[in-house]
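The data block below is work07.txt; it holds compact mmCIF, C-alpha atoms and all ligand atoms.
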# COMPACT_ATOMS: atom_id res chain seq x y z
CA MET E 1 79.42 182.85 -63.20
CA THR E 2 78.93 179.22 -64.33
CA LYS E 3 81.94 177.73 -66.12
CA PRO E 4 81.49 175.14 -68.88
CA ILE E 5 82.36 171.55 -67.95
CA GLU E 6 86.10 171.12 -68.44
CA HIS E 7 87.64 167.78 -69.24
CA HIS E 8 90.90 168.07 -67.35
CA PRO E 9 94.11 166.25 -68.34
CA VAL E 10 94.45 162.66 -67.09
CA ARG E 11 94.82 162.63 -63.34
CA LEU E 12 95.23 159.22 -61.75
CA ARG E 13 93.09 158.71 -58.68
CA ARG E 14 92.96 154.91 -58.63
CA SER E 15 94.23 154.57 -55.06
CA VAL E 16 93.49 157.30 -52.52
CA LEU E 17 95.11 156.35 -49.21
CA CYS E 18 93.87 157.80 -45.94
CA VAL E 19 96.62 158.54 -43.43
CA PRO E 20 95.85 159.60 -39.84
CA ALA E 21 97.66 162.91 -39.42
CA ASP E 22 98.82 162.05 -35.90
CA ASN E 23 100.42 158.72 -36.87
CA VAL E 24 104.10 159.58 -37.33
CA ARG E 25 105.07 156.14 -38.69
CA ALA E 26 102.26 156.17 -41.23
CA LEU E 27 103.15 159.71 -42.32
CA ALA E 28 106.74 158.64 -42.90
CA LYS E 29 105.64 155.59 -44.86
CA VAL E 30 103.62 157.44 -47.52
CA SER E 31 106.60 158.42 -49.71
CA GLN E 32 107.49 154.73 -50.16
CA LEU E 33 103.96 153.85 -51.33
CA ALA E 34 102.51 153.83 -54.86
CA ALA E 35 99.18 155.44 -53.96
CA ASP E 36 98.03 157.99 -56.55
CA ALA E 37 96.80 160.29 -53.80
CA ALA E 38 97.13 160.53 -50.02
CA ILE E 39 94.46 162.06 -47.80
CA PHE E 40 96.09 163.27 -44.60
CA ASP E 41 93.22 163.05 -42.16
CA LEU E 42 92.56 165.56 -39.38
CA GLU E 43 88.94 164.44 -39.01
CA ASP E 44 87.68 161.03 -37.87
CA ALA E 45 91.09 159.33 -37.63
CA VAL E 46 92.25 161.83 -34.99
CA ALA E 47 90.77 161.98 -31.48
CA PRO E 48 89.52 165.43 -30.36
CA GLU E 49 92.25 165.80 -27.74
CA ARG E 50 94.96 165.21 -30.38
CA LYS E 51 93.63 167.56 -33.08
CA ALA E 52 96.00 170.46 -32.35
CA GLU E 53 99.07 168.24 -32.15
CA ALA E 54 98.08 166.43 -35.37
CA ARG E 55 97.53 169.73 -37.21
CA ASP E 56 100.93 171.13 -36.21
CA GLY E 57 102.71 167.84 -36.89
CA LEU E 58 101.16 167.57 -40.34
CA VAL E 59 102.23 171.07 -41.35
CA ARG E 60 105.77 170.30 -40.15
CA HIS E 61 105.82 166.96 -41.95
CA LEU E 62 104.58 168.28 -45.32
CA THR E 63 106.92 171.25 -45.13
CA GLU E 64 109.88 168.91 -44.77
CA SER E 65 108.82 166.02 -46.99
CA ARG E 66 106.44 165.84 -49.97
CA PRO E 67 105.38 162.41 -51.23
CA ASP E 68 105.25 161.90 -55.00
CA CYS E 69 101.44 161.77 -55.21
CA GLU E 70 98.46 164.10 -55.10
CA ILE E 71 98.37 165.55 -51.58
CA VAL E 72 94.98 166.09 -49.95
CA ILE E 73 94.18 167.21 -46.40
CA ARG E 74 90.84 166.27 -44.85
CA ILE E 75 89.84 168.96 -42.37
CA ASN E 76 87.16 168.82 -39.70
CA ALA E 77 83.75 170.28 -40.54
CA LEU E 78 83.82 174.07 -40.51
CA GLY E 79 81.09 174.13 -37.86
CA SER E 80 82.92 171.69 -35.58
CA GLY E 81 85.15 174.12 -33.71
CA PHE E 82 88.29 172.71 -35.38
CA GLY E 83 87.57 173.54 -39.02
CA GLN E 84 88.84 177.13 -39.21
CA GLN E 85 92.20 176.25 -37.64
CA ASP E 86 92.45 173.21 -39.91
CA LEU E 87 91.87 175.38 -42.99
CA ALA E 88 94.57 177.80 -41.90
CA ALA E 89 96.99 174.93 -41.29
CA ALA E 90 96.11 173.32 -44.60
CA LEU E 91 96.92 176.55 -46.42
CA GLN E 92 100.36 176.54 -44.76
CA ALA E 93 100.97 172.88 -45.70
CA LYS E 94 100.30 173.61 -49.41
CA PRO E 95 98.31 170.51 -50.40
CA ASP E 96 96.88 169.99 -53.89
CA ALA E 97 93.38 169.78 -52.41
CA ILE E 98 91.40 170.16 -49.20
CA LEU E 99 88.75 167.52 -48.50
CA LEU E 100 85.62 168.77 -46.75
CA PRO E 101 83.80 166.13 -44.67
CA LYS E 102 80.02 165.64 -44.49
CA VAL E 103 79.17 168.15 -47.21
CA GLU E 104 75.39 168.58 -47.29
CA SER E 105 74.67 171.61 -49.47
CA PRO E 106 76.27 174.05 -51.92
CA ALA E 107 76.64 176.48 -49.01
CA ASP E 108 79.23 174.17 -47.40
CA ILE E 109 81.40 174.53 -50.51
CA GLN E 110 80.74 178.24 -50.80
CA ILE E 111 81.86 178.95 -47.22
CA ALA E 112 85.16 177.10 -47.76
CA ALA E 113 85.72 178.64 -51.20
CA ASP E 114 85.06 182.15 -49.85
CA TRP E 115 87.45 181.57 -46.97
CA LEU E 116 90.16 180.43 -49.40
CA ALA E 117 89.59 183.44 -51.65
CA ASP E 118 89.71 185.83 -48.67
CA ASN E 119 92.96 184.24 -47.52
CA ASP E 120 94.73 184.43 -50.90
CA ALA E 121 94.81 180.68 -51.50
CA PRO E 122 96.38 179.85 -54.86
CA GLU E 123 93.85 179.26 -57.65
CA SER E 124 95.32 175.80 -58.19
CA LEU E 125 94.17 174.66 -54.70
CA ARG E 126 91.20 172.31 -55.26
CA LEU E 127 88.32 171.33 -52.99
CA TRP E 128 87.13 167.74 -52.63
CA ALA E 129 83.82 166.88 -50.92
CA MET E 130 82.84 163.84 -48.87
CA ILE E 131 79.29 162.74 -49.69
CA GLU E 132 78.40 160.68 -46.64
CA THR E 133 75.12 161.84 -45.17
CA PRO E 134 71.52 161.44 -46.38
CA ARG E 135 71.30 165.17 -47.16
CA GLY E 136 74.62 165.01 -48.98
CA VAL E 137 73.31 162.25 -51.26
CA VAL E 138 69.99 164.01 -51.88
CA ASN E 139 71.75 167.30 -52.67
CA ALA E 140 74.66 165.75 -54.60
CA PRO E 141 73.68 167.30 -57.98
CA ALA E 142 73.51 170.83 -56.54
CA ILE E 143 76.76 170.30 -54.63
CA ALA E 144 78.47 168.98 -57.78
CA GLU E 145 77.36 172.05 -59.72
CA THR E 146 79.55 174.20 -57.45
CA GLY E 147 82.46 172.70 -59.43
CA ARG E 148 81.50 175.33 -61.97
CA THR E 149 80.78 178.22 -59.57
CA PHE E 150 82.34 179.64 -56.37
CA GLY E 151 85.76 179.87 -58.04
CA GLY E 152 85.39 176.40 -59.61
CA ARG E 153 87.60 174.77 -56.98
CA LEU E 154 85.51 171.60 -56.43
CA ASP E 155 86.76 168.74 -58.58
CA CYS E 156 86.20 165.47 -56.75
CA PHE E 157 83.59 163.64 -54.66
CA VAL E 158 84.58 160.93 -52.18
CA VAL E 159 81.85 158.61 -50.89
CA GLY E 160 81.79 157.88 -47.15
CA LEU E 161 79.76 154.75 -46.56
CA ASN E 162 80.72 154.30 -42.91
CA ASP E 163 78.94 157.54 -42.07
CA LEU E 164 76.12 156.92 -44.54
CA ARG E 165 75.45 153.46 -43.07
CA LYS E 166 75.49 154.95 -39.58
CA GLU E 167 73.01 157.68 -40.58
CA THR E 168 70.63 155.44 -42.54
CA GLY E 169 70.78 152.10 -40.76
CA VAL E 170 71.69 150.20 -43.93
CA PRO E 171 73.97 147.34 -42.81
CA ASP E 172 77.42 146.51 -44.19
CA ARG E 173 76.75 143.54 -46.51
CA PRO E 174 78.86 141.95 -49.26
CA GLY E 175 77.88 143.35 -52.64
CA ARG E 176 76.40 146.50 -51.00
CA PRO E 177 72.92 145.77 -52.45
CA TYR E 178 70.91 148.57 -50.85
CA LEU E 179 73.73 151.10 -51.22
CA ILE E 180 74.13 150.75 -54.98
CA PRO E 181 71.29 153.15 -55.89
CA TRP E 182 72.95 155.89 -53.80
CA LEU E 183 76.40 155.09 -55.19
CA MET E 184 75.01 155.47 -58.72
CA GLN E 185 73.15 158.66 -57.81
CA ILE E 186 76.39 160.18 -56.50
CA LEU E 187 78.27 159.03 -59.60
CA LEU E 188 75.69 160.59 -61.91
CA ALA E 189 75.77 163.88 -60.01
CA ALA E 190 79.57 163.99 -60.18
CA ARG E 191 79.76 163.17 -63.87
CA GLY E 192 76.98 165.63 -64.71
CA SER E 193 79.27 168.42 -63.50
CA GLY E 194 82.58 166.99 -64.73
CA LEU E 195 83.86 165.83 -61.31
CA ASP E 196 85.95 162.80 -60.45
CA VAL E 197 84.41 160.40 -57.93
CA ILE E 198 86.08 158.02 -55.51
CA ASP E 199 84.43 154.93 -54.01
CA ALA E 200 84.25 154.37 -50.25
CA VAL E 201 86.68 152.54 -47.92
CA PHE E 202 86.56 148.77 -47.38
CA ASN E 203 87.13 148.33 -43.65
CA ASP E 204 88.27 144.69 -43.47
CA PHE E 205 91.74 145.32 -44.90
CA ARG E 206 92.93 141.71 -44.43
CA ASP E 207 90.06 140.38 -46.62
CA THR E 208 91.82 140.58 -49.98
CA ASP E 209 89.11 138.71 -51.95
CA GLY E 210 86.33 140.87 -50.57
CA PHE E 211 88.33 144.00 -51.33
CA ASP E 212 89.06 142.90 -54.89
CA GLU E 213 85.38 142.18 -55.49
CA GLU E 214 84.39 145.61 -54.22
CA CYS E 215 87.05 147.29 -56.41
CA ARG E 216 85.65 145.49 -59.47
CA GLN E 217 82.19 146.64 -58.50
CA GLY E 218 83.28 150.26 -58.03
CA ARG E 219 85.12 150.23 -61.35
CA ASP E 220 82.12 148.74 -63.15
CA MET E 221 79.90 151.44 -61.66
CA GLY E 222 82.21 154.02 -63.27
CA TYR E 223 84.19 155.17 -60.23
CA ASP E 224 87.71 156.58 -60.76
CA GLY E 225 89.28 154.90 -57.74
CA LYS E 226 88.89 153.84 -54.14
CA MET E 227 89.53 155.48 -50.81
CA LEU E 228 91.90 153.18 -48.90
CA ILE E 229 92.87 152.68 -45.29
CA HIS E 230 95.92 150.40 -45.50
CA PRO E 231 99.02 150.03 -47.73
CA LEU E 232 97.96 146.44 -48.57
CA GLN E 233 95.04 147.86 -50.56
CA ILE E 234 97.12 150.07 -52.90
CA GLY E 235 98.36 147.45 -55.41
CA PRO E 236 94.94 145.81 -55.96
CA ALA E 237 93.22 149.21 -56.30
CA ASN E 238 95.80 150.39 -58.85
CA GLU E 239 95.23 147.18 -60.78
CA ARG E 240 91.43 147.22 -60.76
CA PHE E 241 91.04 150.95 -61.48
CA GLY E 242 93.84 150.86 -64.05
CA VAL E 243 93.48 149.85 -67.68
CA GLU E 244 93.17 146.39 -69.20
CA GLN E 245 95.63 145.62 -72.00
CA ALA E 246 92.87 144.40 -74.34
CA ALA E 247 91.02 147.69 -73.90
CA VAL E 248 94.21 149.69 -74.58
CA ASP E 249 94.88 147.66 -77.75
CA GLU E 250 91.31 148.30 -78.89
CA ALA E 251 91.67 152.03 -78.14
CA ARG E 252 94.88 152.27 -80.15
CA ALA E 253 93.19 150.46 -83.06
CA ILE E 254 90.30 152.97 -82.98
CA ILE E 255 92.75 155.90 -82.93
CA ALA E 256 94.70 154.40 -85.84
CA VAL E 257 91.65 153.70 -87.99
CA PHE E 258 90.23 157.22 -87.55
CA ALA E 259 93.68 158.62 -88.46
CA LEU E 260 93.53 157.01 -91.93
CA PRO E 261 93.08 159.66 -94.68
CA GLU E 262 90.01 157.89 -96.08
CA ASN E 263 88.25 158.24 -92.70
CA ALA E 264 89.09 161.90 -92.15
CA ASP E 265 85.55 163.11 -92.90
CA LYS E 266 83.64 160.11 -91.55
CA GLY E 267 81.55 160.21 -88.41
CA VAL E 268 81.00 156.49 -88.20
CA ILE E 269 83.04 153.51 -89.43
CA SER E 270 83.19 149.80 -88.85
CA LEU E 271 86.05 148.07 -87.03
CA HIS E 272 86.20 144.31 -86.36
CA GLY E 273 82.50 144.09 -87.17
CA ARG E 274 81.48 146.82 -84.70
CA MET E 275 80.14 150.32 -85.24
CA ILE E 276 82.64 152.98 -84.14
CA GLU E 277 81.64 156.62 -83.84
CA ARG E 278 83.72 159.68 -83.04
CA LEU E 279 82.53 159.50 -79.43
CA HIS E 280 84.36 156.17 -79.27
CA LEU E 281 87.45 157.98 -80.57
CA ASP E 282 87.15 160.45 -77.67
CA GLN E 283 86.92 157.53 -75.23
CA ALA E 284 89.86 155.80 -76.92
CA LEU E 285 92.05 158.91 -76.69
CA LYS E 286 91.25 159.23 -72.98
CA LEU E 287 92.02 155.59 -72.30
CA ALA E 288 95.30 155.69 -74.23
CA ALA E 289 96.34 158.84 -72.33
CA LYS E 290 95.48 157.10 -69.02
CA ALA E 291 97.56 154.06 -70.06
CA ASP E 292 100.53 156.32 -70.85
CA THR E 293 100.21 158.12 -67.51
CA ILE E 294 100.09 154.78 -65.67
CA GLU E 295 103.24 153.61 -67.48
CA LYS E 296 105.09 156.78 -66.46
CA ARG E 297 103.96 156.38 -62.85
CA LYS E 298 104.98 152.70 -62.78
CA ALA E 299 108.48 153.73 -63.79
CA ARG E 300 108.73 155.83 -60.60
CA PHE E 301 107.67 153.03 -58.19
C1 LIG L 401 93.55 150.31 -39.93
C2 LIG L 401 94.85 150.63 -39.21
C3 LIG L 401 94.52 151.18 -37.82
C4 LIG L 401 95.66 149.36 -39.07
O1 LIG L 401 96.84 149.71 -38.40
P1 LIG L 401 97.97 148.63 -38.06
O2 LIG L 401 97.34 147.42 -37.45
O3 LIG L 401 99.01 149.35 -37.27
O4 LIG L 401 98.54 148.23 -39.48
P2 LIG L 401 99.79 147.38 -39.83
O5 LIG L 401 100.54 146.99 -38.61
O6 LIG L 401 99.34 146.29 -40.71
O7 LIG L 401 100.67 148.41 -40.68
C5 LIG L 401 101.72 147.96 -41.46
C6 LIG L 401 102.58 149.12 -41.85
O8 LIG L 401 101.85 150.02 -42.67
C7 LIG L 401 101.78 151.29 -42.07
N1 LIG L 401 100.42 151.81 -42.28
C8 LIG L 401 99.29 151.26 -41.87
N2 LIG L 401 98.24 151.99 -42.29
C9 LIG L 401 98.77 153.02 -42.97
C10 LIG L 401 98.18 154.11 -43.65
N3 LIG L 401 96.86 154.28 -43.65
N4 LIG L 401 99.00 154.96 -44.27
C11 LIG L 401 100.34 154.81 -44.25
N5 LIG L 401 100.95 153.78 -43.62
C12 LIG L 401 100.17 152.92 -43.00
C13 LIG L 401 102.07 151.06 -40.59
O9 LIG L 401 102.57 152.25 -40.03
C14 LIG L 401 103.07 149.96 -40.68
O10 LIG L 401 104.31 150.49 -41.09
P3 LIG L 401 105.55 150.48 -40.11
O11 LIG L 401 105.11 151.31 -38.98
O12 LIG L 401 106.67 151.09 -40.89
O13 LIG L 401 105.76 149.05 -39.74
C15 LIG L 401 95.69 151.64 -40.02
O14 LIG L 401 95.97 151.05 -41.25
C16 LIG L 401 95.04 153.00 -40.19
O15 LIG L 401 95.09 153.81 -39.29
N6 LIG L 401 94.47 153.28 -41.36
C17 LIG L 401 93.89 154.56 -41.71
C18 LIG L 401 92.63 154.82 -40.95
C19 LIG L 401 92.00 156.11 -41.32
O16 LIG L 401 92.65 157.01 -41.85
N7 LIG L 401 90.70 156.24 -41.05
C20 LIG L 401 89.96 157.42 -41.43
C21 LIG L 401 89.63 157.41 -42.89
S1 LIG L 401 88.40 156.31 -43.40
C22 LIG L 401 86.98 157.23 -43.29
O17 LIG L 401 87.00 158.23 -42.69
C23 LIG L 401 85.76 156.73 -43.94
C24 LIG L 401 84.72 157.75 -44.34
O18 LIG L 401 84.79 159.01 -43.78
C25 LIG L 401 83.37 157.13 -44.15
O19 LIG L 401 82.51 157.71 -43.50
O20 LIG L 401 83.19 156.03 -44.68
MG MG L 402 83.11 159.67 -42.75
Could you quickly redo this structure as structure tokens?
Amino acid sequence: MTKPIEHHPVRLRRSVLCVPADNVRALAKVSQLAADAAIFDLEDAVAPERKAEARDGLVRHLTESRPDCEIVIRINALGSGFGQQDLAAALQAKPDAILLPKVESPADIQIAADWLADNDAPESLRLWAMIETPRGVVNAPAIAETGRTFGGRLDCFVVGLNDLRKETGVPDRPGRPYLIPWLMQILLAARGSGLDVIDAVFNDFRDTDGFDEECRQGRDMGYDGKMLIHPLQIGPANERFGVEQAAVDEARAIIAVFALPENADKGVISLHGRMIERLHLDQALKLAAKADTIEKRKARF
């Protein structure tokens, strides 16, 4: 059955830090960091000969210590020979979400969702999907639609440009000129089905200016946040994918003006010389809620 698009409560996903599951020091560091989400990676960050050790270590680690952020585990592809054991381990580690790599069709989501249902996974356990292959980009709308079928577990796309560049031959250039059409295609597919969408990693983690520029670009394209590889990238990502004070002030003014008794039955009004409709009120309420959530999170870090 297809569910209607749900607009879920504000969930911050400005900074989504990738942590190699076999790096004990990095695992220990996560609870001191202000990332909104951590992806504990069993896939590309872990060499094949260390997969089993990483899987066991991660379950142990998350059983003993839970960082104060959204917890996501990236498993290996289900067809890779590691995926089934990763799924079983992920279920034991009780993450908020499981990230499936190299998703290319709705069937990839269905197989994981069926496995979770057959293994009594809690309904609250989400699926995230990496869109990082040519077929993944082409099929992104159909994949995104599974957010409303197969148990409705899918709620976030993450773009993988390292793999996409490798598969397509598009080089890594400042400003990502030839990648923008695909980034926008993925964004549109995600939004069309009510999913969040996270921009790709920036590999040169010491290049702070380049990173900041790419965060601005991702934000302006409509992305919710950025996948990160290093703690240095968390603060700038939180800043760029956060809210600007002027926009929050404007949102609060829109909320206040629509709350006036004389505007109760109006669909459109004028504020500071601009047309404001009720759709702007919806946007303003969302932005104000995001600003409140950010304030609460800041108080914890
Ligand atoms: C990129 C790194 C290999 C750099 O490591 P290193 O040189 O050791 O970093 P530092 O010495 O500067 O580290 C300083 C301290 O910070 C901790 N640290 C570093 N990275 C992380 C992290 N990701 N999470 C948590 N903590 C981290 C170090 O442990 C140091 O702390 P301490 O030990 O207490 O002194 C490294 O940053 C790294 O491995 N990053 C993650 C790489 C990764 O996960 N790659 C896979 C995901 S990206 C991807 O898959 C892309 C996608 O699929 C696509 O196709 O595009
Ligand atoms: Mg990848």
(Q) I'd like the contact shell of Glu70 of chain E - 7 Å cut-off, only C-alpha atoms, skipping same-chain residues fewer than 3 positions apart - returned as a ChimeraX atom specification. (A) /E:36-38,96
Please, which residues in chain E fall within 6 Å of ligand LIG 401 (chain L) when counting all atoms listed in the file, and what is the closest atom pair and distance in Å to one decimal for each, ordered by chain then residue number, as a Markdown table?
| residue | atom | partner | partner_atom | distance |
| --- | --- | --- | --- | --- |
| E:Cys18 | CA | L:LIG401 | O16 | 4.3 |
| E:Val19 | CA | L:LIG401 | N3 | 4.3 |
| E:Pro20 | CA | L:LIG401 | O16 | 4.6 |
| E:Arg25 | CA | L:LIG401 | O9 | 4.8 |
| E:Ala26 | CA | L:LIG401 | N5 | 3.6 |
| E:Leu27 | CA | L:LIG401 | C11 | 6.0 |
| E:Lys29 | CA | L:LIG401 | N5 | 5.2 |
| E:Val30 | CA | L:LIG401 | C11 | 5.3 |
| E:Asp44 | CA | L:LIG401 | C20 | 5.6 |
| E:Ala45 | CA | L:LIG401 | C20 | 4.4 |
| E:Glu132 | CA | L:LIG401 | O19 | 6.0 |
| E:Gly160 | CA | L:LIG401 | O20 | 3.4 |
| E:Leu161 | CA | L:LIG401 | O20 | 4.1 |
| E:Asn162 | CA | L:LIG401 | O20 | 3.5 |
| E:Asp163 | CA | L:LIG401 | O19 | 3.8 |
| E:Ala200 | CA | L:LIG401 | O20 | 5.9 |
| E:Val201 | CA | L:LIG401 | C23 | 5.9 |
| E:Ile229 | CA | L:LIG401 | C17 | 4.2 |
| E:His230 | CA | L:LIG401 | N2 | 4.3 |
| E:Pro231 | CA | L:LIG401 | C9 | 5.6 |
Q. Would you name the residues within 12 Å of ligand MG 402 (chain L), counting all atoms listed in the file, and put them as a ChimeraX atom specification?
A. /E:18,41-45,74-77,99-103,129-133,136,158-167,200-201,227
Q: Quick one: pull the distance between atom CA of Arg252 of chain E and atom CA of Ala284 of chain E, Å, one decimal.
A: 6.9 Å
Q) From the list E:Gly151, E:Gly218, E:Pro141, E:Gly225, which residue is nearest Ala121 of chain E when using all atoms listed in the file? A) E:Gly151
